[in-house]
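A.B. asks: Dropping in protein_3.cif, with mmCIF, C-alpha atoms and all ligand atoms; chains and numbers go by the auth columns.
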```
data_target
loop_
_atom_site.group_PDB
_atom_site.id
_atom_site.type_symbol
_atom_site.label_atom_id
_atom_site.label_comp_id
_atom_site.label_asym_id
_atom_site.label_seq_id
_atom_site.Cartn_x
_atom_site.Cartn_y
_atom_site.Cartn_z
_atom_site.B_iso_or_equiv
_atom_site.auth_seq_id
_atom_site.auth_asym_id
ATOM 1 C CA MET A 1 -28.121 14.341 29.096 0.00 237 A
ATOM 2 C CA SER A 2 -31.156 15.031 31.252 0.00 238 A
ATOM 3 C CA ASP A 3 -33.814 17.465 30.081 0.00 239 A
ATOM 4 C CA LYS A 4 -34.165 18.827 33.610 0.00 240 A
ATOM 5 C CA LYS A 5 -34.760 22.589 33.694 0.00 241 A
ATOM 6 C CA THR A 6 -31.877 24.369 35.389 0.00 242 A
ATOM 7 C CA ALA A 7 -30.785 27.839 36.484 0.00 243 A
ATOM 8 C CA LEU A 8 -27.516 29.207 37.860 0.00 244 A
ATOM 9 C CA VAL A 9 -26.886 32.084 40.255 0.00 245 A
ATOM 10 C CA ILE A 10 -23.406 33.598 40.543 0.00 246 A
ATOM 11 C CA SER A 11 -23.255 35.497 43.838 0.00 247 A
ATOM 12 C CA ALA A 12 -20.190 37.546 44.838 0.00 248 A
ATOM 13 C CA HIS A 13 -20.685 37.002 48.565 0.00 249 A
ATOM 14 C CA SER A 14 -22.599 34.349 50.429 0.00 250 A
ATOM 15 C CA ALA A 15 -25.710 36.429 51.194 0.00 251 A
ATOM 16 C CA ASP A 16 -26.207 38.322 47.941 0.00 252 A
ATOM 17 C CA PHE A 17 -28.312 35.613 46.300 0.00 253 A
ATOM 18 C CA VAL A 18 -30.777 35.773 49.179 0.00 254 A
ATOM 19 C CA TRP A 19 -31.611 39.508 49.072 0.00 255 A
ATOM 20 C CA ARG A 20 -31.469 39.852 45.292 0.00 256 A
ATOM 21 C CA ALA A 21 -32.762 36.632 43.751 0.00 257 A
ATOM 22 C CA GLY A 22 -34.230 34.628 46.643 0.00 258 A
ATOM 23 C CA GLY A 23 -37.746 34.939 45.234 0.00 259 A
ATOM 24 C CA ALA A 24 -36.698 33.890 41.735 0.00 260 A
ATOM 25 C CA ILE A 25 -34.851 30.908 43.183 0.00 261 A
ATOM 26 C CA ALA A 26 -37.794 29.758 45.332 0.00 262 A
ATOM 27 C CA LYS A 27 -40.244 30.344 42.489 0.00 263 A
ATOM 28 C CA HIS A 28 -38.298 28.291 39.965 0.00 264 A
ATOM 29 C CA ALA A 29 -37.499 25.556 42.471 0.00 265 A
ATOM 30 C CA LYS A 30 -41.261 25.314 42.957 0.00 266 A
ATOM 31 C CA LEU A 31 -41.690 25.115 39.169 0.00 267 A
ATOM 32 C CA GLY A 32 -39.372 22.099 39.093 0.00 268 A
ATOM 33 C CA TYR A 33 -36.063 23.761 38.227 0.00 269 A
ATOM 34 C CA ASP A 34 -32.774 22.590 39.690 0.00 270 A
ATOM 35 C CA VAL A 35 -31.255 25.891 40.819 0.00 271 A
ATOM 36 C CA THR A 36 -27.513 25.950 41.489 0.00 272 A
ATOM 37 C CA VAL A 37 -25.951 28.797 43.489 0.00 273 A
ATOM 38 C CA VAL A 38 -22.237 29.581 43.382 0.00 274 A
ATOM 39 C CA CYS A 39 -20.961 31.929 46.095 0.00 275 A
ATOM 40 C CA LEU A 40 -17.564 33.236 45.037 0.00 276 A
ATOM 41 C CA SER A 41 -16.744 34.173 48.637 0.00 277 A
ATOM 42 C CA TYR A 42 -18.325 34.166 52.084 0.00 278 A
ATOM 43 C CA GLY A 43 -18.203 37.948 52.336 0.00 279 A
ATOM 44 C CA GLU A 44 -16.048 37.190 55.352 0.00 280 A
ATOM 45 C CA ARG A 45 -14.137 40.459 55.400 0.00 281 A
ATOM 46 C CA GLY A 46 -16.522 42.982 53.930 0.00 282 A
ATOM 47 C CA GLU A 47 -20.058 41.871 54.762 0.00 283 A
ATOM 48 C CA SER A 48 -19.730 40.374 58.230 0.00 284 A
ATOM 49 C CA ALA A 49 -19.336 43.408 60.503 0.00 285 A
ATOM 50 C CA LYS A 50 -21.733 42.047 63.131 0.00 286 A
ATOM 51 C CA LEU A 51 -19.670 38.869 63.522 0.00 287 A
ATOM 52 C CA TRP A 52 -16.382 40.781 63.702 0.00 288 A
ATOM 53 C CA LYS A 53 -17.748 42.795 66.625 0.00 289 A
ATOM 54 C CA GLN A 54 -17.874 39.604 68.700 0.00 290 A
ATOM 55 C CA GLU A 55 -14.880 38.930 70.909 0.00 291 A
ATOM 56 C CA GLY A 56 -12.260 36.389 69.757 0.00 292 A
ATOM 57 C CA MET A 57 -13.518 36.302 66.173 0.00 293 A
ATOM 58 C CA THR A 58 -11.212 34.855 63.503 0.00 294 A
ATOM 59 C CA LEU A 59 -11.416 34.703 59.723 0.00 295 A
ATOM 60 C CA ASP A 60 -12.099 30.959 59.823 0.00 296 A
ATOM 61 C CA LYS A 61 -14.896 31.333 62.358 0.00 297 A
ATOM 62 C CA VAL A 62 -16.525 34.044 60.265 0.00 298 A
ATOM 63 C CA LYS A 63 -16.323 31.870 57.151 0.00 299 A
ATOM 64 C CA THR A 64 -17.841 28.885 58.974 0.00 300 A
ATOM 65 C CA GLU A 65 -20.665 31.016 60.320 0.00 301 A
ATOM 66 C CA ARG A 66 -21.374 32.638 56.963 0.00 302 A
ATOM 67 C CA ARG A 67 -21.346 29.267 55.196 0.00 303 A
ATOM 68 C CA LYS A 68 -23.858 27.882 57.683 0.00 304 A
ATOM 69 C CA GLU A 69 -26.169 30.877 57.184 0.00 305 A
ATOM 70 C CA ALA A 70 -25.978 30.584 53.391 0.00 306 A
ATOM 71 C CA GLU A 71 -26.665 26.837 53.480 0.00 307 A
ATOM 72 C CA ASN A 72 -29.691 27.368 55.721 0.00 308 A
ATOM 73 C CA ALA A 73 -30.992 30.118 53.427 0.00 309 A
ATOM 74 C CA ALA A 74 -30.415 27.916 50.376 0.00 310 A
ATOM 75 C CA SER A 75 -32.419 25.085 51.884 0.00 311 A
ATOM 76 C CA ALA A 76 -35.247 27.494 52.819 0.00 312 A
ATOM 77 C CA LEU A 77 -35.373 28.524 49.141 0.00 313 A
ATOM 78 C CA GLY A 78 -35.219 24.981 47.759 0.00 314 A
ATOM 79 C CA VAL A 79 -31.780 25.388 46.137 0.00 315 A
ATOM 80 C CA HIS A 80 -30.631 22.173 44.434 0.00 316 A
ATOM 81 C CA ASP A 81 -26.893 22.729 44.936 0.00 317 A
ATOM 82 C CA ILE A 82 -24.831 25.467 46.582 0.00 318 A
ATOM 83 C CA GLN A 83 -21.083 25.736 46.010 0.00 319 A
ATOM 84 C CA PHE A 84 -18.530 27.965 47.693 0.00 320 A
ATOM 85 C CA PHE A 85 -15.436 28.977 45.713 0.00 321 A
ATOM 86 C CA ASP A 86 -13.756 30.697 48.698 0.00 322 A
ATOM 87 C CA MET A 87 -11.991 33.254 46.458 0.00 323 A
ATOM 88 C CA GLY A 88 -11.586 35.807 49.245 0.00 324 A
ATOM 89 C CA ASP A 89 -13.471 39.121 49.308 0.00 325 A
ATOM 90 C CA TYR A 90 -12.835 42.855 49.404 0.00 326 A
ATOM 91 C CA PRO A 91 -11.431 42.291 46.877 0.00 327 A
ATOM 92 C CA LEU A 92 -12.357 39.067 45.109 0.00 328 A
ATOM 93 C CA GLU A 93 -9.407 37.594 43.199 0.00 329 A
ATOM 94 C CA PHE A 94 -10.388 36.319 39.760 0.00 330 A
ATOM 95 C CA THR A 95 -7.603 33.907 38.816 0.00 331 A
ATOM 96 C CA ARG A 96 -7.548 31.830 35.633 0.00 332 A
ATOM 97 C CA GLU A 97 -8.041 28.754 37.824 0.00 333 A
ATOM 98 C CA CYS A 98 -11.274 30.228 39.242 0.00 334 A
ATOM 99 C CA LYS A 99 -12.493 31.044 35.734 0.00 335 A
ATOM 100 C CA ASP A 100 -11.885 27.482 34.534 0.00 336 A
ATOM 101 C CA LYS A 101 -13.660 26.126 37.624 0.00 337 A
ATOM 102 C CA MET A 102 -16.655 28.379 36.929 0.00 338 A
ATOM 103 C CA VAL A 103 -16.789 27.255 33.283 0.00 339 A
ATOM 104 C CA ASP A 104 -16.840 23.625 34.468 0.00 340 A
ATOM 105 C CA VAL A 105 -19.863 24.389 36.657 0.00 341 A
ATOM 106 C CA ILE A 106 -21.661 26.317 33.894 0.00 342 A
ATOM 107 C CA ARG A 107 -21.144 23.460 31.445 0.00 343 A
ATOM 108 C CA ALA A 108 -22.215 20.838 33.975 0.00 344 A
ATOM 109 C CA VAL A 109 -25.369 22.755 34.910 0.00 345 A
ATOM 110 C CA GLN A 110 -26.245 23.922 31.347 0.00 346 A
ATOM 111 C CA PRO A 111 -28.495 26.634 32.793 0.00 347 A
ATOM 112 C CA LYS A 112 -31.587 27.799 30.951 0.00 348 A
ATOM 113 C CA PHE A 113 -30.821 31.222 32.455 0.00 349 A
ATOM 114 C CA MET A 114 -28.306 32.784 34.811 0.00 350 A
ATOM 115 C CA PHE A 115 -28.256 35.557 37.413 0.00 351 A
ATOM 116 C CA SER A 116 -25.570 37.934 38.582 0.00 352 A
ATOM 117 C CA HIS A 117 -25.040 41.492 39.848 0.00 353 A
ATOM 118 C CA SER A 118 -25.382 44.938 38.236 0.00 354 A
ATOM 119 C CA LYS A 119 -22.746 45.994 35.701 0.00 355 A
ATOM 120 C CA TRP A 120 -21.721 49.011 37.765 0.00 356 A
ATOM 121 C CA ASP A 121 -21.289 49.278 41.540 0.00 357 A
ATOM 122 C CA PRO A 122 -18.912 51.982 42.766 0.00 358 A
ATOM 123 C CA TYR A 123 -19.610 51.038 46.403 0.00 359 A
ATOM 124 C CA ASN A 124 -18.714 47.408 45.949 0.00 360 A
ATOM 125 C CA THR A 125 -16.417 46.521 43.064 0.00 361 A
ATOM 126 C CA ASP A 126 -16.677 42.820 44.021 0.00 362 A
ATOM 127 C CA HIS A 127 -20.268 42.936 42.769 0.00 363 A
ATOM 128 C CA MET A 128 -19.569 44.524 39.379 0.00 364 A
ATOM 129 C CA ASN A 129 -16.450 42.428 38.852 0.00 365 A
ATOM 130 C CA THR A 130 -18.559 39.328 39.511 0.00 366 A
ATOM 131 C CA THR A 131 -20.844 40.352 36.638 0.00 367 A
ATOM 132 C CA GLN A 132 -17.813 40.710 34.387 0.00 368 A
ATOM 133 C CA PHE A 133 -16.665 37.273 35.582 0.00 369 A
ATOM 134 C CA ALA A 134 -20.123 35.828 34.807 0.00 370 A
ATOM 135 C CA LEU A 135 -20.072 37.289 31.287 0.00 371 A
ATOM 136 C CA GLU A 136 -16.518 36.142 30.682 0.00 372 A
ATOM 137 C CA THR A 137 -17.075 32.585 31.911 0.00 373 A
ATOM 138 C CA ARG A 138 -20.395 32.355 30.012 0.00 374 A
ATOM 139 C CA MET A 139 -18.424 33.279 26.875 0.00 375 A
ATOM 140 C CA MET A 140 -15.697 30.722 27.660 0.00 376 A
ATOM 141 C CA ALA A 141 -18.343 28.022 28.208 0.00 377 A
ATOM 142 C CA GLN A 142 -19.674 28.756 24.703 0.00 378 A
ATOM 143 C CA ALA A 143 -16.248 28.361 23.064 0.00 379 A
ATOM 144 C CA TRP A 144 -15.906 25.117 21.102 0.00 380 A
ATOM 145 C CA GLY A 145 -12.137 25.245 21.540 0.00 381 A
ATOM 146 C CA HIS A 146 -12.305 25.362 25.361 0.00 382 A
ATOM 147 C CA ASN A 147 -11.867 21.766 26.590 0.00 383 A
ATOM 148 C CA PRO A 148 -12.968 20.314 23.232 0.00 384 A
ATOM 149 C CA GLY A 149 -15.322 17.358 23.460 0.00 385 A
ATOM 150 C CA GLU A 150 -17.406 18.749 26.324 0.00 386 A
ATOM 151 C CA LYS A 151 -20.970 19.916 25.742 0.00 387 A
ATOM 152 C CA VAL A 152 -20.706 23.636 24.974 0.00 388 A
ATOM 153 C CA LEU A 153 -23.113 26.157 26.418 0.00 389 A
ATOM 154 C CA GLY A 154 -26.064 27.555 24.425 0.00 390 A
ATOM 155 C CA ALA A 155 -27.124 31.155 25.032 0.00 391 A
ATOM 156 C CA PRO A 156 -28.735 31.422 28.458 0.00 392 A
ATOM 157 C CA GLN A 157 -30.113 34.829 29.394 0.00 393 A
ATOM 158 C CA LEU A 158 -28.154 36.679 32.075 0.00 394 A
ATOM 159 C CA TYR A 159 -30.472 38.463 34.475 0.00 395 A
ATOM 160 C CA LEU A 160 -28.868 41.179 36.587 0.00 396 A
ATOM 161 C CA PHE A 161 -30.505 41.240 39.980 0.00 397 A
ATOM 162 C CA GLU A 162 -31.257 44.386 41.950 0.00 398 A
ATOM 163 C CA PRO A 163 -28.273 46.025 43.650 0.00 399 A
ATOM 164 C CA HIS A 164 -28.220 47.941 46.918 0.00 400 A
ATOM 165 C CA GLN A 165 -28.693 51.725 46.467 0.00 401 A
ATOM 166 C CA THR A 166 -30.335 50.999 43.133 0.00 402 A
ATOM 167 C CA GLU A 167 -30.280 54.519 41.667 0.00 403 A
ATOM 168 C CA GLN A 168 -26.471 54.785 41.880 0.00 404 A
ATOM 169 C CA MET A 169 -25.830 51.605 39.907 0.00 405 A
ATOM 170 C CA ASN A 170 -26.938 52.328 36.319 0.00 406 A
ATOM 171 C CA TRP A 171 -29.298 49.398 36.778 0.00 407 A
ATOM 172 C CA LYS A 172 -32.652 49.546 35.045 0.00 408 A
ATOM 173 C CA PRO A 173 -35.130 46.682 35.448 0.00 409 A
ATOM 174 C CA ASN A 174 -36.868 45.487 32.294 0.00 410 A
ATOM 175 C CA ILE A 175 -38.609 42.504 33.858 0.00 411 A
ATOM 176 C CA PHE A 176 -40.542 42.034 37.083 0.00 412 A
ATOM 177 C CA LEU A 177 -41.152 38.595 38.535 0.00 413 A
ATOM 178 C CA ASP A 178 -44.135 38.005 40.803 0.00 414 A
ATOM 179 C CA ILE A 179 -42.822 36.284 43.937 0.00 415 A
ATOM 180 C CA SER A 180 -45.961 36.683 46.082 0.00 416 A
ATOM 181 C CA ASP A 181 -46.549 32.939 46.371 0.00 417 A
ATOM 182 C CA VAL A 182 -42.994 32.277 47.587 0.00 418 A
ATOM 183 C CA TRP A 183 -42.475 35.401 49.683 0.00 419 A
ATOM 184 C CA ASP A 184 -42.738 33.309 52.880 0.00 420 A
ATOM 185 C CA LYS A 185 -39.747 31.266 51.666 0.00 421 A
ATOM 186 C CA LYS A 186 -37.697 34.348 50.813 0.00 422 A
ATOM 187 C CA TRP A 187 -38.544 35.908 54.175 0.00 423 A
ATOM 188 C CA ALA A 188 -37.449 32.703 55.959 0.00 424 A
ATOM 189 C CA ALA A 189 -34.184 32.741 53.967 0.00 425 A
ATOM 190 C CA ILE A 190 -33.589 36.413 54.766 0.00 426 A
ATOM 191 C CA GLN A 191 -33.915 35.620 58.459 0.00 427 A
ATOM 192 C CA CYS A 192 -31.141 33.013 58.138 0.00 428 A
ATOM 193 C CA MET A 193 -28.713 35.889 57.513 0.00 429 A
ATOM 194 C CA GLN A 194 -28.188 36.640 61.189 0.00 430 A
ATOM 195 C CA GLY A 195 -25.006 38.615 60.498 0.00 431 A
ATOM 196 C CA GLN A 196 -26.889 41.224 58.456 0.00 432 A
ATOM 197 C CA GLU A 197 -30.087 41.746 60.398 0.00 433 A
ATOM 198 C CA HIS A 198 -30.002 45.475 59.563 0.00 434 A
ATOM 199 C CA LEU A 199 -30.944 44.583 55.958 0.00 435 A
ATOM 200 C CA TRP A 200 -33.985 42.375 56.591 0.00 436 A
ATOM 201 C CA HIS A 201 -36.700 45.024 56.495 0.00 437 A
ATOM 202 C CA PHE A 202 -34.947 47.017 53.818 0.00 438 A
ATOM 203 C CA TYR A 203 -35.323 44.064 51.441 0.00 439 A
ATOM 204 C CA GLU A 204 -38.874 43.441 52.567 0.00 440 A
ATOM 205 C CA ASN A 205 -39.607 47.026 51.460 0.00 441 A
ATOM 206 C CA VAL A 206 -37.841 46.498 48.133 0.00 442 A
ATOM 207 C CA ALA A 207 -40.019 43.428 47.442 0.00 443 A
ATOM 208 C CA GLN A 208 -43.184 45.353 48.317 0.00 444 A
ATOM 209 C CA ASN A 209 -42.206 48.297 46.104 0.00 445 A
ATOM 210 C CA ARG A 210 -41.414 46.006 43.206 0.00 446 A
ATOM 211 C CA GLY A 211 -44.796 44.351 43.837 0.00 447 A
ATOM 212 C CA ASN A 212 -46.337 47.781 43.247 0.00 448 A
ATOM 213 C CA HIS A 213 -44.376 48.137 39.993 0.00 449 A
ATOM 214 C CA PHE A 214 -45.487 44.657 38.955 0.00 450 A
ATOM 215 C CA ARG A 215 -49.147 45.627 39.495 0.00 451 A
ATOM 216 C CA ARG A 216 -48.727 48.861 37.527 0.00 452 A
ATOM 217 C CA ASN A 217 -46.926 47.231 34.607 0.00 453 A
ATOM 218 C CA SER A 218 -49.278 44.269 34.402 0.00 454 A
ATOM 219 C CA GLY A 219 -52.276 46.512 33.842 0.00 455 A
ATOM 220 C CA GLY A 220 -52.668 48.636 36.969 0.00 456 A
ATOM 221 C CA GLN A 221 -56.254 49.626 37.750 0.00 457 A
ATOM 222 C CA ALA A 222 -57.350 48.182 34.401 0.00 458 A
ATOM 223 C CA GLY A 223 -56.861 44.520 35.264 0.00 459 A
ATOM 224 C CA GLY A 224 -53.319 44.331 36.680 0.00 460 A
ATOM 225 C CA LYS A 225 -52.298 41.208 38.571 0.00 461 A
ATOM 226 C CA ALA A 226 -52.528 41.660 42.328 0.00 462 A
ATOM 227 C CA ALA A 227 -48.909 40.865 43.233 0.00 463 A
ATOM 228 C CA THR A 228 -47.885 41.707 46.786 0.00 464 A
ATOM 229 C CA HIS A 229 -44.136 41.089 46.298 0.00 465 A
ATOM 230 C CA ALA A 230 -41.879 41.053 43.243 0.00 466 A
ATOM 231 C CA GLU A 231 -38.243 41.131 42.151 0.00 467 A
ATOM 232 C CA GLY A 232 -36.855 43.259 39.338 0.00 468 A
ATOM 233 C CA PHE A 233 -34.171 42.131 36.863 0.00 469 A
ATOM 234 C CA GLU A 234 -32.296 43.662 33.968 0.00 470 A
ATOM 235 C CA ALA A 235 -31.938 41.203 31.089 0.00 471 A
ATOM 236 C CA ILE A 236 -28.673 41.641 29.172 0.00 472 A
ATOM 237 C CA PHE A 237 -29.403 39.781 25.946 0.00 473 A
ATOM 238 C CA PRO A 238 -32.257 40.172 23.445 0.00 474 A
ATOM 239 C CA ARG A 239 -35.097 37.695 23.544 0.00 475 A
ATOM 240 C CA THR A 240 -35.914 35.566 20.538 0.00 476 A
ATOM 241 C CA VAL A 241 -39.664 35.080 20.127 0.00 477 A
ATOM 242 C CA ASP A 242 -42.131 33.921 17.505 0.00 478 A
ATOM 243 C CA GLU A 243 -44.855 36.255 18.605 0.00 479 A
ATOM 244 C CA LEU A 244 -44.848 39.488 20.570 0.00 480 A
ATOM 245 C CA ASP A 245 -46.870 39.770 23.745 0.00 481 A
HETATM 246 ZN ZN ZN B . -22.146 41.330 48.341 0.00 501 A
#
```
Would you mind writing the structure in this file as structure tokens?
Ligand SMILES: [Zn+2]
C.D. replies:
Amino acid sequence: MSDKKTALVISAHSADFVWRAGGAIAKHAKLGYDVTVVCLSYGERGESAKLWKQEGMTLDKVKTERRKEAENAASALGVHDIQFFDMGDYPLEFTRECKDKMVDVIRAVQPKFMFSHSKWDPYNTDHMNTTQFALETRMMAQAWGHNPGEKVLGAPQLYLFEPHQTEQMNWKPNIFLDISDVWDKKWAAIQCMQGQEHLWHFYENVAQNRGNHFRRNSGGQAGGKAATHAEGFEAIFPRTVDELD
């Protein structure tokens, strides 16, 4: 068993990991982590409107295009491995087979921490159902009776990344990550998502606003860290520490 540091992102559609956790991915890749991204679908039906407006478009062409974009974005971020489960979207279908496949990946990666979506998303049930799927498969991966003999999972934190239309999602960040030093990588990855160009500057603004919150919460005018860009996350599980900071 290698002692390599690892992280795992479970993304409902093929672009979600870019907008919502691209900075965290690039940052930890830079810190020496092997970051694995699993895209449950390509977002081929629900998040590819620009492609569907082109003449002669087919489902397969959209999937191919979306896969290419996601792979380019992943390499801009320094992702170690990206996998596509092709579970269909709008809606995603969470079969037992898909759950077992996800558990296999979780156990193989043995992530130090994981990322997924907000718990609630009335605009996009694929997102909130993906979080449920992440929690369920994390639990299965911890079960000693599931495929006995395999290395069971410890207790990686699950960080919920920032949803679209944040205020409607019952999502409340309790951790801000400074991504200033990798913003150029996230911006390059964002620009790989040609099918969703209308979101590029929106997510640039989000990163700048979270940078402001990072500065305020790290000390503000009384010695705060001068972050220009940040990402917010909601941690699900309690931390276990020896000393408070
Ligand atoms: Zn999505």
A.B. asks: Between chain A and ligand ZN 501 (chain A), at 10 Å or less, what are the per-residue closest atom pairs and their distances in Å? Count only C-alpha atoms and all ligand atoms, order by chain and rising residue number, and return it as a Markdown table.
C.D. replies:
```
| residue | atom | partner | partner_atom | distance |
| --- | --- | --- | --- | --- |
| A:Ser247 | CA | A:ZN501 | ZN | 7.5 |
| A:Ala248 | CA | A:ZN501 | ZN | 5.5 |
| A:His249 | CA | A:ZN501 | ZN | 4.6 |
| A:Ser250 | CA | A:ZN501 | ZN | 7.3 |
| A:Ala251 | CA | A:ZN501 | ZN | 6.7 |
| A:Asp252 | CA | A:ZN501 | ZN | 5.1 |
| A:Phe253 | CA | A:ZN501 | ZN | 8.7 |
| A:Trp255 | CA | A:ZN501 | ZN | 9.7 |
| A:Arg256 | CA | A:ZN501 | ZN | 9.9 |
| A:Cys275 | CA | A:ZN501 | ZN | 9.7 |
| A:Leu276 | CA | A:ZN501 | ZN | 9.9 |
| A:Ser277 | CA | A:ZN501 | ZN | 9.0 |
| A:Tyr278 | CA | A:ZN501 | ZN | 8.9 |
| A:Gly279 | CA | A:ZN501 | ZN | 6.6 |
| A:Gly282 | CA | A:ZN501 | ZN | 8.1 |
| A:Glu283 | CA | A:ZN501 | ZN | 6.8 |
| A:Asp325 | CA | A:ZN501 | ZN | 9.0 |
| A:Tyr326 | CA | A:ZN501 | ZN | 9.5 |
| A:His353 | CA | A:ZN501 | ZN | 9.0 |
| A:Asn360 | CA | A:ZN501 | ZN | 7.4 |
| A:Thr361 | CA | A:ZN501 | ZN | 9.4 |
| A:Asp362 | CA | A:ZN501 | ZN | 7.1 |
| A:His363 | CA | A:ZN501 | ZN | 6.1 |
| A:Met364 | CA | A:ZN501 | ZN | 9.9 |
| A:Thr366 | CA | A:ZN501 | ZN | 9.7 |
| A:Pro399 | CA | A:ZN501 | ZN | 9.0 |
| A:His400 | CA | A:ZN501 | ZN | 9.1 |
```
A.B. asks: Would you compute, for all listed atoms of range 344-353 of chain A, the axis-aligned bounding box grown by 4 Å on each side, and then report its centre and edge lengths in Å rounded to one decimal, as AutoDock Vina command-line options?
C.D. replies:
```
--center_x -26.9 --center_y 31.2 --center_z 35.4 --size_x 17.4 --size_y 28.7 --size_z 16.9
```
A.B. asks: Hey, what's within 9 Å of Asn308 in chain A if we count all atoms listed in the file and toss same-chain stuff fewer than 4 positions away? As a PyMOL selection string, please?
C.D. replies: chain A and resi 303-304+312-313+425+428-429
A.B. asks: Which is closest to Gln430 in chain A among A:His382, A:Lys348, A:Lys286, A:Lys263, if we use all atoms listed in the file?
C.D. replies: A:Lys286
A.B. asks: So, with all atoms listed in the file as the atoms that count, which of A:Asn410, A:Gly431, A:Gln393, A:Trp423 lies closest to Thr476 in chain A?
C.D. replies: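 For Thr476 in chain A, the nearest of the candidates is A:Gln393.
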A.B. asks: Counting all atoms listed in the file, which residue out of A:Val418, A:Met405, A:Ala458, A:Val345 sits closest to Gly390 in chain A?
C.D. replies: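 Closest candidate: A:Val345.
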A.B. asks: Go through A:Ala306, A:Glu386, A:Gln432, A:Asp414 one by one, measure the shortest atom-to-atom distance of each to Ala285 in chain A using only C-alpha atoms, and give the residue with the smallest value.
C.D. replies: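 Ranked by minimum distance to Ala285 in chain A, first place goes to A:Gln432.
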A.B. asks: Using only C-alpha atoms, determine which residues lie at most 12 Å from Ala344 in chain A, disregarding the query and same-chain residues fewer than 5 positions distant; provide the list as a PyMOL selection string.
C.D. replies: chain A and resi 237-238+242-244+272+337-339+377+386-389
A.B. asks: In Å, with one decimal, what is the gap from CA of Val477 in chain A to CA of Phe349 in chain A?
C.D. replies: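 The value is 15.7 Å.
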A.B. asks: Got a sec to resolve the PyMOL selection byres (((chain A and resi 416) around 10) and not hetatm) on this structure and send the residues as a PyMOL selection string?
C.D. replies: chain A and resi 259+263+413-415+417-422+443-444+447+462-467
A.B. asks: Name all residues at most 12 Å from Ile411 in chain A (count all atoms listed in the file; drop same-chain ones fewer than 2 positions away) and give them as a PyMOL selection string.
C.D. replies: chain A and resi 260+395-398+407-409+413-414+446-447+449-450+453-454+466-472+475
A.B. asks: Keeping N, CA, C and O atoms (and nothing else), can you write range 468-479 of chain A of this structure as a CSV table (one decimal), in the first residue's frame?
C.D. replies:
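The file below, decode03.csv, is the result:
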```
chain,number,residue,atom,x,y,z
A,468,GLY,N,-15.0,28.1,-1.4
A,468,GLY,CA,-15.7,27.8,-0.1
A,468,GLY,C,-16.2,26.3,-0.1
A,468,GLY,O,-16.6,25.8,-1.2
A,469,PHE,N,-16.2,25.7,1.0
A,469,PHE,CA,-16.7,24.3,1.2
A,469,PHE,C,-17.4,24.2,2.5
A,469,PHE,O,-17.1,24.9,3.5
A,470,GLU,N,-18.4,23.2,2.5
A,470,GLU,CA,-19.1,22.9,3.7
A,470,GLU,C,-18.6,21.5,4.1
A,470,GLU,O,-18.9,20.5,3.3
A,471,ALA,N,-18.0,21.4,5.2
A,471,ALA,CA,-17.5,20.0,5.7
A,471,ALA,C,-18.6,19.4,6.4
A,471,ALA,O,-19.3,20.0,7.2
A,472,ILE,N,-18.9,18.1,6.1
A,472,ILE,CA,-20.0,17.4,6.7
A,472,ILE,C,-19.7,16.8,8.1
A,472,ILE,O,-20.5,16.8,8.9
A,473,PHE,N,-18.5,16.3,8.2
A,473,PHE,CA,-18.1,15.5,9.4
A,473,PHE,C,-17.3,16.4,10.4
A,473,PHE,O,-16.5,17.2,9.9
A,474,PRO,N,-17.4,16.1,11.7
A,474,PRO,CA,-16.6,16.8,12.6
A,474,PRO,C,-15.1,16.5,12.4
A,474,PRO,O,-14.7,15.5,11.9
A,475,ARG,N,-14.3,17.5,12.8
A,475,ARG,CA,-12.8,17.3,12.7
A,475,ARG,C,-12.4,16.7,14.1
A,475,ARG,O,-13.0,16.9,15.1
A,476,THR,N,-11.3,15.9,14.0
A,476,THR,CA,-10.7,15.4,15.2
A,476,THR,C,-9.3,16.0,15.4
A,476,THR,O,-8.5,15.8,14.5
A,477,VAL,N,-9.1,16.8,16.4
A,477,VAL,CA,-7.8,17.6,16.6
A,477,VAL,C,-7.3,17.4,18.0
A,477,VAL,O,-8.0,17.0,18.9
A,478,ASP,N,-6.0,17.6,18.1
A,478,ASP,CA,-5.3,17.6,19.4
A,478,ASP,C,-5.3,19.0,20.1
A,478,ASP,O,-5.0,19.1,21.2
A,479,GLU,N,-5.4,20.0,19.2
A,479,GLU,CA,-5.3,21.3,19.7
A,479,GLU,C,-6.1,22.2,18.8
A,479,GLU,O,-6.1,22.0,17.6
```
